[in-house]
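Undergrad: Coordinates in model-v9.txt, compact mmCIF, C-alpha atoms, are listed below.
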# COMPACT_ATOMS: atom_id res chain seq x y z
CA MET A 1 0.00 0.00 0.00
CA PRO A 2 1.45 3.39 -0.95
CA LYS A 3 1.84 5.19 2.36
CA SER A 4 2.04 8.54 0.60
CA PHE A 5 -1.52 8.09 -0.72
CA SER A 6 -2.83 7.29 2.76
CA ARG A 7 -0.96 10.22 4.27
CA LEU A 8 -2.44 12.57 1.68
CA ALA A 9 -5.94 11.20 2.29
CA TRP A 10 -5.59 11.49 6.07
CA SER A 11 -4.26 15.05 5.67
CA ALA A 12 -7.28 15.94 3.55
CA ALA A 13 -9.60 14.32 6.13
CA ALA A 14 -7.94 16.23 9.00
CA CYS A 15 -8.28 19.53 7.14
CA THR A 16 -11.92 18.74 6.35
CA TYR A 17 -12.53 18.12 10.05
CA LEU A 18 -11.01 21.50 10.88
CA LEU A 19 -13.06 23.08 8.10
CA ILE A 20 -16.26 21.71 9.69
CA ILE A 21 -15.29 23.29 13.02
CA LEU A 22 -14.48 26.61 11.33
CA GLY A 23 -17.84 26.48 9.57
CA ALA A 24 -19.52 26.04 12.95
CA ILE A 25 -17.60 29.02 14.35
CA VAL A 26 -18.76 31.08 11.38
CA ARG A 27 -22.39 30.20 12.17
CA ILE A 28 -22.09 30.59 15.95
CA THR A 29 -20.46 34.02 15.71
CA GLY A 30 -22.82 35.22 12.99
CA SER A 31 -19.93 35.77 10.59
CA GLY A 32 -21.52 34.06 7.59
CA MET A 33 -21.85 37.36 5.74
CA GLY A 34 -18.43 38.60 6.87
CA CYS A 35 -17.41 38.82 3.22
CA GLY A 36 -20.74 40.27 2.13
CA ASP A 37 -22.49 38.51 -0.74
CA HIS A 38 -19.28 38.31 -2.75
CA TRP A 39 -17.96 34.94 -3.85
CA PRO A 40 -15.26 33.67 -4.34
CA LEU A 41 -13.74 37.06 -3.43
CA CYS A 42 -14.28 38.53 0.03
CA GLY A 43 -15.88 41.96 0.04
CA GLY A 44 -15.01 42.14 -3.65
CA LYS A 45 -11.29 41.89 -2.84
CA LEU A 46 -8.68 39.17 -2.71
CA LEU A 47 -7.30 40.62 0.55
CA PRO A 48 -10.17 42.34 2.39
CA PRO A 49 -9.91 44.48 5.53
CA LEU A 50 -9.79 41.99 8.39
CA ASP A 51 -12.31 42.99 11.03
CA LEU A 52 -13.31 40.02 13.23
CA PRO A 53 -16.38 38.74 11.27
CA THR A 54 -14.49 39.10 7.98
CA LEU A 55 -11.42 37.40 9.44
CA ILE A 56 -13.49 34.42 10.60
CA GLU A 57 -15.30 34.02 7.29
CA TYR A 58 -12.13 34.62 5.26
CA GLY A 59 -10.26 32.03 7.35
CA HIS A 60 -13.04 29.55 6.62
CA ARG A 61 -12.72 30.21 2.90
CA LEU A 62 -8.93 29.80 2.98
CA ALA A 63 -9.36 26.46 4.79
CA ALA A 64 -11.86 25.43 2.12
CA ALA A 65 -9.30 26.33 -0.56
CA LEU A 66 -6.70 24.13 1.17
CA VAL A 67 -9.15 21.21 1.33
CA SER A 68 -9.89 21.72 -2.37
CA VAL A 69 -6.22 21.51 -3.28
CA LEU A 70 -5.74 18.34 -1.20
CA VAL A 71 -8.83 16.57 -2.56
CA CYS A 72 -7.97 17.43 -6.16
CA GLY A 73 -4.43 16.19 -5.55
CA LEU A 74 -5.77 12.98 -4.02
CA ALA A 75 -8.00 12.27 -7.03
CA ALA A 76 -5.07 12.92 -9.41
CA TYR A 77 -2.81 10.66 -7.34
CA ALA A 78 -5.42 7.89 -7.35
CA TRP A 79 -5.62 8.08 -11.14
CA TRP A 80 -1.80 8.01 -11.36
CA LEU A 81 -1.57 4.95 -9.11
CA ARG A 82 -4.29 3.11 -10.95
CA ARG A 83 -2.41 3.56 -14.24
CA GLY A 84 0.73 2.13 -12.63
CA ALA A 85 2.74 5.23 -13.44
CA GLY A 86 6.26 5.32 -12.05
CA SER A 87 6.87 1.90 -10.49
CA GLY A 88 4.83 -0.07 -12.99
CA GLU A 89 2.79 -1.69 -10.19
CA ARG A 90 -0.89 -0.85 -10.46
CA TYR A 91 -2.84 -0.16 -7.28
CA PHE A 92 -6.49 -0.46 -6.42
CA THR A 93 -7.33 2.82 -4.66
CA SER A 94 -11.13 2.39 -4.88
CA GLY A 95 -13.39 5.12 -6.22
CA ALA A 96 -13.43 7.03 -2.93
CA ALA A 97 -10.97 9.67 -4.13
CA TYR A 98 -13.16 10.39 -7.15
CA VAL A 99 -16.31 10.45 -5.01
CA ALA A 100 -14.54 12.94 -2.73
CA LEU A 101 -13.81 15.14 -5.73
CA GLY A 102 -17.49 15.07 -6.73
CA LEU A 103 -18.56 15.92 -3.18
CA LEU A 104 -16.04 18.77 -3.11
CA ILE A 105 -17.60 20.28 -6.24
CA VAL A 106 -21.06 20.03 -4.68
CA GLN A 107 -19.72 21.56 -1.47
CA VAL A 108 -18.17 24.51 -3.26
CA LEU A 109 -21.38 25.17 -5.19
CA LEU A 110 -23.44 24.95 -2.00
CA GLY A 111 -21.08 27.41 -0.33
CA ALA A 112 -21.57 29.86 -3.19
CA VAL A 113 -25.37 29.48 -3.09
CA THR A 114 -25.39 29.89 0.70
CA VAL A 115 -23.57 33.22 0.45
CA LYS A 116 -25.48 34.52 -2.57
CA ARG A 117 -28.86 33.74 -0.97
CA ASP A 118 -27.98 35.23 2.45
CA LEU A 119 -27.60 32.00 4.43
CA PRO A 120 -30.96 30.21 4.08
CA PRO A 121 -31.14 27.33 6.63
CA TRP A 122 -31.63 24.60 4.03
CA THR A 123 -28.39 25.43 2.21
CA VAL A 124 -26.45 25.66 5.52
CA ILE A 125 -27.74 22.21 6.52
CA LEU A 126 -26.90 20.68 3.14
CA HIS A 127 -23.49 22.36 3.33
CA LEU A 128 -22.73 20.61 6.64
CA GLY A 129 -24.18 17.30 5.45
CA THR A 130 -21.98 17.34 2.35
CA ALA A 131 -18.94 18.19 4.47
CA MET A 132 -19.64 15.17 6.70
CA LEU A 133 -19.96 12.91 3.64
CA LEU A 134 -16.69 14.33 2.30
CA LEU A 135 -14.97 13.57 5.62
CA ALA A 136 -16.29 10.00 5.56
CA THR A 137 -15.21 9.46 1.96
CA LEU A 138 -11.69 10.70 2.65
CA ILE A 139 -11.40 8.31 5.61
CA VAL A 140 -12.48 5.44 3.36
CA ALA A 141 -9.91 6.53 0.76
CA ALA A 142 -7.16 6.66 3.40
CA ARG A 143 -7.84 3.07 4.47
CA SER A 144 -8.39 1.45 1.09
CA PRO A 145 -5.37 1.42 -1.30
CA HIS A 146 -3.58 -1.88 -1.92
CA PRO A 147 -1.99 -3.69 -4.91
CA LEU A 148 -4.46 -4.51 -7.66
CA THR A 149 -5.14 -8.22 -7.07
CA PRO A 150 -8.32 -10.30 -7.15
CA SER A 151 -10.39 -9.95 -3.97
CA PRO A 152 -10.75 -13.10 -1.87
CA ARG A 153 -14.19 -14.67 -1.75
CA ARG A 154 -16.11 -13.98 1.42
CA GLY A 155 -17.21 -16.80 3.69
CA GLU A 156 -20.82 -17.30 4.69
CA GLY A 157 -19.98 -16.59 8.33
CA GLU A 158 -18.73 -13.06 7.62
CA ARG A 159 -20.97 -10.24 8.73
CA MET A 160 -21.85 -6.84 7.37
CA ALA A 161 -20.56 -3.75 9.12
CA PRO A 162 -23.00 -1.58 11.11
CA ALA A 163 -24.76 0.22 8.28
CA GLY A 164 -27.48 1.16 10.75
CA LEU A 165 -24.95 2.95 12.93
CA VAL A 166 -23.69 4.93 9.93
CA VAL A 167 -27.21 5.96 8.88
CA LEU A 168 -28.25 6.81 12.43
CA GLY A 169 -25.10 8.86 12.99
CA PHE A 170 -25.58 10.84 9.77
CA VAL A 171 -29.27 11.55 10.43
CA THR A 172 -28.44 12.68 13.97
CA VAL A 173 -25.84 15.10 12.56
CA LEU A 174 -28.36 16.54 10.09
CA LEU A 175 -31.00 16.95 12.79
CA GLY A 176 -28.41 18.73 14.92
CA ALA A 177 -27.70 21.12 12.07
CA LEU A 178 -31.44 21.69 11.59
CA THR A 179 -31.84 22.35 15.33
CA ALA A 180 -29.04 24.91 15.37
CA ASN A 181 -29.99 26.74 12.19
CA LEU A 182 -33.70 27.06 12.98
CA GLY A 183 -32.96 28.44 16.43
CA ALA A 184 -34.42 25.37 18.15
CA ALA A 185 -31.41 24.77 20.40
CA SER A 186 -33.08 26.63 23.28
CA ALA A 187 -36.58 25.25 22.68
CA CYS A 188 -36.16 22.47 25.26
CA LEU A 189 -35.06 23.61 28.69
CA GLY A 190 -33.62 21.11 31.13
CA PHE A 191 -31.98 17.77 30.51
CA PRO A 192 -32.52 14.91 29.65
CA LEU A 193 -36.26 15.66 29.19
CA CYS A 194 -37.69 18.49 27.13
CA ASN A 195 -39.11 21.05 29.55
CA GLY A 196 -39.64 18.21 32.01
CA GLN A 197 -41.85 16.30 29.56
CA ILE A 198 -41.39 13.04 27.65
CA VAL A 199 -43.66 14.37 24.89
CA PRO A 200 -43.42 18.17 24.64
CA ASP A 201 -46.67 20.06 24.04
CA GLY A 202 -45.18 23.26 22.64
CA ASN A 203 -44.33 24.51 19.16
CA TYR A 204 -42.59 22.73 16.30
CA LEU A 205 -39.15 23.91 17.45
CA GLN A 206 -39.53 21.80 20.58
CA TYR A 207 -40.35 18.75 18.45
CA ILE A 208 -37.25 19.33 16.30
CA GLN A 209 -35.04 19.67 19.37
CA TRP A 210 -36.65 16.65 21.06
CA THR A 211 -36.30 14.50 17.94
CA HIS A 212 -32.61 15.37 17.81
CA ARG A 213 -32.21 14.36 21.45
CA LEU A 214 -34.07 11.08 20.93
CA LEU A 215 -31.81 10.28 17.99
CA ALA A 216 -28.75 11.05 20.14
CA TYR A 217 -30.01 8.75 22.91
CA THR A 218 -30.69 6.03 20.33
CA LEU A 219 -27.21 6.49 18.88
CA PHE A 220 -25.72 6.05 22.33
CA GLY A 221 -27.66 2.81 22.92
CA TYR A 222 -26.84 1.49 19.44
CA SER A 223 -23.13 2.26 19.82
CA VAL A 224 -22.99 0.51 23.22
CA TRP A 225 -24.69 -2.54 21.73
CA TRP A 226 -22.32 -2.56 18.76
CA ALA A 227 -19.22 -2.20 20.96
CA TRP A 228 -20.36 -5.04 23.21
CA ARG A 229 -21.11 -7.18 20.15
CA THR A 230 -17.77 -6.64 18.39
CA ARG A 231 -15.45 -6.09 21.38
CA ALA A 232 -13.54 -3.71 19.07
CA ARG A 233 -11.50 -0.84 20.49
CA ALA A 234 -12.70 1.52 17.77
CA ALA A 235 -16.31 0.75 18.70
CA TRP A 236 -15.67 1.52 22.38
CA ALA A 237 -13.95 4.74 21.31
CA VAL A 238 -17.17 5.69 19.54
CA VAL A 239 -19.11 4.98 22.75
CA ALA A 240 -16.75 7.29 24.64
CA LEU A 241 -17.17 10.04 22.04
CA VAL A 242 -20.97 9.74 22.04
CA THR A 243 -20.96 9.89 25.84
CA LEU A 244 -18.81 13.03 25.71
CA GLN A 245 -21.12 14.53 23.09
CA VAL A 246 -24.20 13.95 25.26
CA ALA A 247 -22.38 15.48 28.26
CA VAL A 248 -21.40 18.56 26.21
CA ALA A 249 -24.99 18.89 24.97
CA ALA A 250 -26.32 18.70 28.53
CA ALA A 251 -23.87 21.36 29.74
CA MET A 252 -24.66 23.53 26.72
CA VAL A 253 -28.40 23.48 27.46
CA LEU A 254 -28.07 23.89 31.22
CA LEU A 255 -25.59 26.79 30.92
CA GLY A 256 -27.61 28.74 28.35
CA LEU A 257 -25.83 27.81 25.09
CA PRO A 258 -22.40 29.45 25.59
CA ARG A 259 -20.55 29.82 22.30
CA PRO A 260 -17.47 27.75 23.25
CA LEU A 261 -19.67 24.79 24.14
CA GLN A 262 -21.60 25.16 20.89
CA ALA A 263 -18.32 24.94 18.95
CA LEU A 264 -17.18 22.00 21.09
CA HIS A 265 -20.51 20.26 20.41
CA VAL A 266 -19.85 20.43 16.66
CA ALA A 267 -16.21 19.35 17.08
CA VAL A 268 -17.10 16.28 19.15
CA GLY A 269 -20.03 15.51 16.83
CA ALA A 270 -17.71 15.47 13.83
CA GLY A 271 -15.37 13.23 15.83
CA VAL A 272 -18.26 10.86 16.55
CA TRP A 273 -19.08 10.72 12.85
CA ALA A 274 -15.44 10.03 11.91
CA GLY A 275 -15.24 7.31 14.57
CA ILE A 276 -18.42 5.68 13.25
CA VAL A 277 -17.00 5.61 9.73
CA ILE A 278 -13.73 4.08 10.95
CA THR A 279 -15.60 1.49 13.04
CA ALA A 280 -17.85 0.61 10.11
CA GLY A 281 -14.75 -0.15 8.04
CA GLU A 282 -12.91 -2.04 10.77
CA ARG A 283 -11.91 -5.57 9.74
CA ALA A 284 -10.17 -6.55 12.93
CA GLY A 285 -13.06 -6.49 15.43
CA LYS A 286 -14.22 -9.74 17.02
CA GLY A 287 -17.58 -11.24 16.17
CA PRO A 288 -20.42 -11.57 18.65
CA ARG A 289 -19.83 -15.28 19.29
CA LYS A 290 -16.71 -17.20 20.16
CA GLY A 291 -14.86 -18.79 17.28
CA GLU A 292 -16.08 -16.45 14.56
CA GLY A 293 -13.70 -14.55 12.32
CA PRO A 294 -13.14 -10.81 11.99
CA LEU A 295 -15.88 -8.59 10.69
CA PRO A 296 -15.49 -7.47 7.06
CA LEU A 297 -16.26 -4.17 5.49
CA SER A 298 -19.85 -3.89 4.36
CA PRO A 299 -20.60 -4.15 0.60
CA ALA A 300 -21.34 -0.43 0.63
CA PHE A 301 -17.78 0.36 1.73
CA ASP A 302 -16.36 -2.13 -0.77
CA ARG A 303 -18.13 -0.34 -3.59
CA LEU A 304 -16.42 2.92 -2.60
Since I need it in another form, could you write the structure as structure tokens?
TA:
Amino acid sequence: MPKSFSRLAWSAAACTYLLIILGAIVRITGSGMGCGDHWPLCGGKLLPPLDLPTLIEYGHRLAAALVSVLVCGLAAYAWWLRRGAGSGERYFTSGAAYVALGLLIVQVLLGAVTVKRDLPPWTVILHLGTAMLLLATLIVAARSPHPLTPSPRRGEGERMAPAGLVVLGFVTVLLGALTANLGAASACLGFPLCNGQIVPDGNYLQYIQWTHRLLAYTLFGYSVWWAWRTRARAAWAVVALVTLQVAVAAAMVLLGLPRPLQALHVAVGAGVWAGIVITAGERAGKGPRKGEGPLPLSPAFDRL
């Protein structure tokens, strides 16, 4: 496996993670229009005056430019490896690098639409969702390259990876983005219930916030079950991250939504998502019963 390809993919994934956090800071500080409605320039200039909102938004755009360079380089490197250029040995790098390039294009277009249309919630939510998919795809790319040889046939006893955990994690992230961007984060007071009720009887914002909480609780239970079933370290790491995320959310609600905790909530949430993706692709975890072999990647990850 070419280590340079994996290093490049991991670098792109790390920068994408930081970009997600910067995007959250842009939203939390209200700096989304720090560059006005100009795009790709900032305030109509390449180097705008750097007051704080402009500096935050401009830093986010520079980070996005760095991610773009890395993802484009990764896709070009994948094509180069697949052709066997240089050493003559062809490598199977999967299609993840090309999928990442496609997601990057969508992400850039969404960013432009978000700015041009003055930050409508639906574009902000799609922007975050696409960023999370880009992060997942880069992680898959970082773990996948190997010499181009026929794949071994899978045994009947092999099991699929936790596709349900991946779907549940992604939906929870999107509901969190919806909660934040519709101003529903303060709709439910108290924790863990919503205004002391199991079923809130208020407005639709309470239902959005409560649905997000229920999904988070379900994700916690699912991740504990999966970790117990696989006995894998990566799975237990996900449990720890989900536990931390719930604790941060509780503190955030009880302390009146302080900005640092809002940013930390997004950072840990992105870490949970990355951990889920890594766990879903883990081959080395134990099966649920004694004597069974390691868990394979799911067909969905193989197709990437």
Undergrad: From the list A:Ile21, A:Val167, A:Ala141, A:Ala249, which residue is nearest Ser6 (chain A) when using all atoms listed in the file?
TA: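 Answer, going by the shortest atom-to-atom distance: A:Ala141.
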Undergrad: For a quick check of understanding, using only C-alpha atoms, which of A:Pro258, A:Tyr204, A:Ala240, A:Asn195 has the smallest distance to Val224 (chain A)?
TA: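 Of all the options, A:Ala240 lies closest to Val224 (chain A).
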Undergrad: Enter the distance from CA of Phe220 (chain A) to CA of His127 (chain A), in Å, rounded to one decimal.
TA: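 We find that CA of Phe220 (chain A) and CA of His127 (chain A) lie 25.1 Å from each other.
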Undergrad: Which value, in Å to one decimal, gives the distance between CA of Gln262 (chain A) and CA of Trp210 (chain A)?
TA: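 Computing the Euclidean distance for CA of Gln262 (chain A) and CA of Trp210 (chain A) yields 17.3 Å.
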Undergrad: Between A:Tyr222, A:Tyr217, A:Trp122, A:Tyr77, which one has atoms that come closest to Leu110 (chain A), using all atoms listed in the file?
TA: A:Trp122
Undergrad: For the atom pair CA of Ser11 (chain A) and CA of Val248 (chain A), what is the interatomic distance in Å to one decimal place?
TA: 27.0 Å
Undergrad: Using all atoms listed in the file, which of A:Ile25, A:Ile125, A:Ala97, A:Ala280 sits nearest Gly73 (chain A)?
TA: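 Comparing A:Ile25, A:Ile125, A:Ala97, A:Ala280 against Gly73 (chain A), the winner is A:Ala97.
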Undergrad: Restricting the calculation to all atoms listed in the file: of A:Leu138, A:Ala227, A:Leu215, A:Leu81, which residue gets closest to Ser4 (chain A)?
TA: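 Checking each candidate against Ser4 (chain A), we get A:Leu81 as the closest.
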Undergrad: Please identify all polymer residues within 9 Å of Gly23 (chain A), counting only C-alpha atoms, omitting same-chain residues fewer than 4 positions from it, and present them as a compact mmCIF listing (two decimals) with C-alpha atoms, in the coordinates of the input.
TA:
# COMPACT_ATOMS: atom_id res chain seq x y z
CA LEU A 18 -11.01 21.50 10.88
CA LEU A 19 -13.06 23.08 8.10
CA ARG A 27 -22.39 30.20 12.17
CA ILE A 28 -22.09 30.59 15.95
CA GLY A 32 -21.52 34.06 7.59
CA GLU A 57 -15.30 34.02 7.29
CA HIS A 60 -13.04 29.55 6.62
CA LEU A 128 -22.73 20.61 6.64
Undergrad: Of the residues A:Gly111, A:Pro2, A:Gly30, A:Pro192, which is the one nearest to His212 (chain A), using only C-alpha atoms?
TA: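 Looking only at the distances to His212 (chain A), the closest residue turns out to be A:Pro192.
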Undergrad: Which residues, written as a list in words, have at least one atom at most 12 Å from Leu244 (chain A), with all atoms listed in the file counted and residues fewer than 5 positions away on the same chain left out?
TA: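 Non-adjacent residues within range: Ala216, Phe220, Ala237, Val238, Val239, Ala249, Ala250, Ala251, Leu261, Leu264, His265, Val266, Ala267, Val268, Gly269, Gly271 and Val272 of chain A.
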Undergrad: If we count only C-alpha atoms and set the cut-off at 12 Å, which residues sit around Gln209 (chain A), ignoring sequence neighbours fewer than 6 positions away in its own chain? Please answer as a VMD selection string.
TA: chain A and resid 172 174 to 195 199 to 200 202 to 203 215 to 216 249 253
Undergrad: Neighbouring residues of Cys42 (chain A) were defined as those with any atom within 12 Å, considering all atoms listed in the file; residues of the same chain fewer than 5 positions away were excluded. Please report them as JSON, numbers by chain.
TA: {"A": [32, 33, 34, 35, 36, 37, 47, 48, 49, 50, 53, 54, 55, 56, 57, 58, 59, 60, 61, 62, 112, 115]}
Undergrad: Enclose region 97-101 of chain A, meaning all of its atoms listed in the file, in a box aligned along x, y and z, pad it by 8 Å on each side, and list the centre and edge lengths in Å to one decimal, as JSON.
TA:
{"center_x": -13.6, "center_y": 12.4, "center_z": -4.9, "size_x": 21.3, "size_y": 21.5, "size_z": 20.4}
Undergrad: Some atoms are absent from region 195-208 of chain A, so rebuild N, CA and C atoms and return them as a PDB file, keeping the file's coordinate frame.
TA:
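Output below, filename result22.pdb:
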ATOM      1  N   ASN A 195     -38.251  20.263  28.667  1.00  0.00           N
ATOM      2  CA  ASN A 195     -39.110  21.050  29.550  1.00  0.00           C
ATOM      3  C   ASN A 195     -39.813  20.163  30.584  1.00  0.00           C
ATOM      4  N   GLY A 196     -39.094  19.119  31.016  1.00  0.00           N
ATOM      5  CA  GLY A 196     -39.640  18.210  32.010  1.00  0.00           C
ATOM      6  C   GLY A 196     -40.661  17.229  31.482  1.00  0.00           C
ATOM      7  N   GLN A 197     -40.822  17.155  30.160  1.00  0.00           N
ATOM      8  CA  GLN A 197     -41.850  16.300  29.560  1.00  0.00           C
ATOM      9  C   GLN A 197     -41.211  15.260  28.642  1.00  0.00           C
ATOM     10  N   ILE A 198     -41.821  14.071  28.605  1.00  0.00           N
ATOM     11  CA  ILE A 198     -41.390  13.040  27.650  1.00  0.00           C
ATOM     12  C   ILE A 198     -41.885  13.391  26.252  1.00  0.00           C
ATOM     13  N   VAL A 199     -43.099  13.908  26.167  1.00  0.00           N
ATOM     14  CA  VAL A 199     -43.660  14.370  24.890  1.00  0.00           C
ATOM     15  C   VAL A 199     -43.977  15.852  25.050  1.00  0.00           C
ATOM     16  N   PRO A 200     -43.178  16.728  24.467  1.00  0.00           N
ATOM     17  CA  PRO A 200     -43.420  18.170  24.640  1.00  0.00           C
ATOM     18  C   PRO A 200     -44.730  18.596  23.987  1.00  0.00           C
ATOM     19  N   ASP A 201     -45.388  19.595  24.574  1.00  0.00           N
ATOM     20  CA  ASP A 201     -46.670  20.060  24.040  1.00  0.00           C
ATOM     21  C   ASP A 201     -46.575  21.492  23.532  1.00  0.00           C
ATOM     22  N   GLY A 202     -45.378  21.899  23.114  1.00  0.00           N
ATOM     23  CA  GLY A 202     -45.180  23.260  22.640  1.00  0.00           C
ATOM     24  C   GLY A 202     -45.194  23.374  21.136  1.00  0.00           C
ATOM     25  N   ASN A 203     -44.346  24.265  20.600  1.00  0.00           N
ATOM     26  CA  ASN A 203     -44.330  24.510  19.160  1.00  0.00           C
ATOM     27  C   ASN A 203     -43.423  23.514  18.443  1.00  0.00           C
ATOM     28  N   TYR A 204     -43.338  23.690  17.121  1.00  0.00           N
ATOM     29  CA  TYR A 204     -42.590  22.730  16.300  1.00  0.00           C
ATOM     30  C   TYR A 204     -41.097  22.741  16.602  1.00  0.00           C
ATOM     31  N   LEU A 205     -40.576  23.859  17.114  1.00  0.00           N
ATOM     32  CA  LEU A 205     -39.150  23.910  17.450  1.00  0.00           C
ATOM     33  C   LEU A 205     -38.818  22.930  18.571  1.00  0.00           C
ATOM     34  N   GLN A 206     -39.752  22.770  19.516  1.00  0.00           N
ATOM     35  CA  GLN A 206     -39.530  21.800  20.580  1.00  0.00           C
ATOM     36  C   GLN A 206     -39.489  20.374  20.017  1.00  0.00           C
ATOM     37  N   TYR A 207     -40.334  20.079  19.050  1.00  0.00           N
ATOM     38  CA  TYR A 207     -40.350  18.750  18.450  1.00  0.00           C
ATOM     39  C   TYR A 207     -39.055  18.467  17.691  1.00  0.00           C
ATOM     40  N   ILE A 208     -38.517  19.494  17.018  1.00  0.00           N
ATOM     41  CA  ILE A 208     -37.250  19.330  16.300  1.00  0.00           C
ATOM     42  C   ILE A 208     -36.120  19.050  17.296  1.00  0.00           C
TER      43      ILE A 208
END
